[in-house]
2 protein chains.
Amino acid sequence: MTIYGTKMVRSCLQSAFPVFPMLKNYCSWEWQSLDPGIRQKVEPLHEGAEGTIIVEPVLVSKKPPLYAKSTQELDCQEDIWEVGLVLHNEDSGRCLAYFPTLENITPAIEACLKKADILMVDGTFWSEDELTGMGAAARDARSMGHLPISGPSGTLELLASFPAERKILIHINNSNPILKKDSVERYTLERLGIEVAYDGMEMEV
Amino acid sequence: MTIYGTKMVRSCLQSAFPVFPMLKNYCSWEWQSLDPGIRQKVEPLHEGAEGTIIVEPVLVSKKPPLYAKSTQELDCQEDIWEVGLVLHNEDSGRCLAYFPTLENITPAIEACLKKADILMVDGTFWSEDELTGMGAAARDARSMGHLPISGPSGTLELLASFPAERKILIHINNSNPILKKDSVERYTLERLGIEVAYDGMEMEV
C-alpha cells in the first residue's frame, strides 16, 4: 500500500498522532510525499487498471489541526497541512479537481477549479453557524477551515462560476441538511445540477 | 465525562496511543482508575438515574496490544491491560458480568460468571481460525486474546454451565457469522437461548 501526503502530515503521523509507530506491528506501507508544484505519476489503484494518472497537489492550508497545535515535536521544515489534488488523465487530456477542504479560494485553487472537467469540493457545512447553532461546537464553519455551501462567497456561489461538467460535494458533515434527500437544501442543489457524493459513485475523466 | 480504566491503559493513552494529549484542545474529562479487587461506586450515567451501581473490576489480561508492544515509554508499575466488570445493583442485590474479552477463564472470572444474573461476554469470533481461514490475519482467535464461541472450551460450552437468566454475546467481529440473522450459527445460539447484543438493547439487574 502506498500512502500519499505532505511532509508535515507524515511528520505528524510519526509524532503527535503516532499512527505509523502504532501500525508497524500490524502491516507495512510505502510513503509518497505530495509537494505543491510537483506533479507525479500515481500507481494504478488496482492491478490491470488502464491509463496513467498524474496528480498535481495544490496548497490549501497551513493551519494545523487542533490536536497538533501545541506540539513542539514536529520535525518538519515545511508546514503544509492540507492540499487539494488535481488528477489528470494523460490519455484524454481531462482532469478532476479534488478539494475536500477549502477555507478560502486562492488564485492557484481558482485556476484549478476553472480548468477541471469534474469538481469534487468541500461540502462539510451548509451554513456558517451550523454547529454553533445546535450547540455542538464553539467555532463556526470558516474558523474550522470550511467555506459553508450557502451564503455570500459560499461554495454554491463559487461552483456556479465554473464550467465543469459535474460538480460534486464531498466531505459532508453529519449535521449537514443536504444529507436528507427531502430537504429544501438538497432540492436547491439538485435544481442547480450540483451532486452530493455517495459510496460507490463513479466518474470518468 | 468520567473515563474508567486501568492505570496501564491510562499510561498508554498518554504515550504510545496519545489520545489524551490529542483531545486536550477539544474537551475535558475526569479519569477514574479501575483496580482489580477494589469495588467502587460509579456515577449515575445520566441525571436523575436511580439506584447505586457498584463496579467490581476483575483481571482478564496482562498482554499488551500489538501497537504498544515495543513501547518503552509506558511509565506504569502495574501491567493490567484488560479487565472485566461486575456491575452490582445494591438495591436489588443482583449483578451483571461484563467481559468483552476473554482469553481464558481464571478461577476469579469463573466465580463472577457463576454468580451473575446477566452475562455479557466476548463473542468476537465464532471459530478459532475465522480470520486466518479467510486470509485476513496471521493469528488465530486465542492468540489474539479471544476464546472462540464454538469448539472445545469455547464460549458456548462455557455459557451452558452458568445459571444466569440472560446470556448475551458482545464485542462481535464483522467476520462473525452470528451477525447474519439467517445463519446456522445464529440459529444454534437461539436454540440455546443465547442472545446477540444490538444497539439499544436493554437489560435490568
# chains A, B, ... in the order shown; residues from 1 in each chain; ligands from 1
$ residues_around --residues "Tyr98 of chain A" --least-positions-apart "6" --cutoff "6 Å" --atoms "only C-alpha atoms" --output "VMD selection string"
chain A and resid 84 to 85 120
$ interface_residues --of "chain A" --to "chain B" --cutoff "10 Å" --atoms "only C-alpha atoms" --output "number ranges by chain"
A: 15-26, 65-71, 137
$ write_last_selection --atoms "C-alpha atoms" --output "PDB file, in the first residue's frame"
ATOM      1  CA  SER A  15       4.768  12.015  16.494  1.00  0.00           C
ATOM      2  CA  ALA A  16       1.710  13.991  17.678  1.00  0.00           C
ATOM      3  CA  PHE A  17      -0.675  11.383  16.239  1.00  0.00           C
ATOM      4  CA  PRO A  18       1.647   8.346  16.024  1.00  0.00           C
ATOM      5  CA  VAL A  19      -0.287   6.214  13.576  1.00  0.00           C
ATOM      6  CA  PHE A  20       2.864   4.876  11.910  1.00  0.00           C
ATOM      7  CA  PRO A  21       4.611   3.718  15.113  1.00  0.00           C
ATOM      8  CA  MET A  22       1.326   2.100  16.172  1.00  0.00           C
ATOM      9  CA  LEU A  23       0.736   0.354  12.842  1.00  0.00           C
ATOM     10  CA  LYS A  24       4.211  -1.042  12.393  1.00  0.00           C
ATOM     11  CA  ASN A  25       3.407  -4.286  14.217  1.00  0.00           C
ATOM     12  CA  TYR A  26       0.348  -4.852  12.031  1.00  0.00           C
ATOM     13  CA  PRO A  65      -5.394  20.641  13.359  1.00  0.00           C
ATOM     14  CA  LEU A  66      -6.257  21.436  16.993  1.00  0.00           C
ATOM     15  CA  TYR A  67      -4.697  18.217  18.256  1.00  0.00           C
ATOM     16  CA  ALA A  68      -1.310  19.156  16.807  1.00  0.00           C
ATOM     17  CA  LYS A  69      -1.416  22.819  17.747  1.00  0.00           C
ATOM     18  CA  SER A  70       0.629  22.667  20.914  1.00  0.00           C
ATOM     19  CA  THR A  71       3.061  20.087  19.639  1.00  0.00           C
ATOM     20  CA  ALA A 137     -19.211  23.456  18.646  1.00  0.00           C
TER      21      ALA A 137
END
$ residues_around --residues "Ile149 of chain A" --least-positions-apart "4" --cutoff "8 Å" --atoms "only C-alpha atoms" --output "list in words"
Gly123, Thr124, Phe125, Trp126, Ser127, Gly154, Thr155 and Leu156 of chain A
$ residues_around --residues "segment 102-107 of chain B" --least-positions-apart "4" --cutoff "9 Å" --atoms "only C-alpha atoms" --output "PyMOL selection string"
chain B and resi 59-61+84+111-112+121-122+141-147+155
$ select_by_dssp --residues "segment 13-132 of chain A" --states "strand (DSSP E or B)" --output "PyMOL selection string"
chain A and resi 30-33+40-42+53-61+82-89+94-99+118-122
$ select_by_dssp --residues "segment 62-161 of chain B" --states "alpha helix (DSSP H)" --output "VMD selection string"
chain B and resid 107 to 115 130 to 133 155 to 160
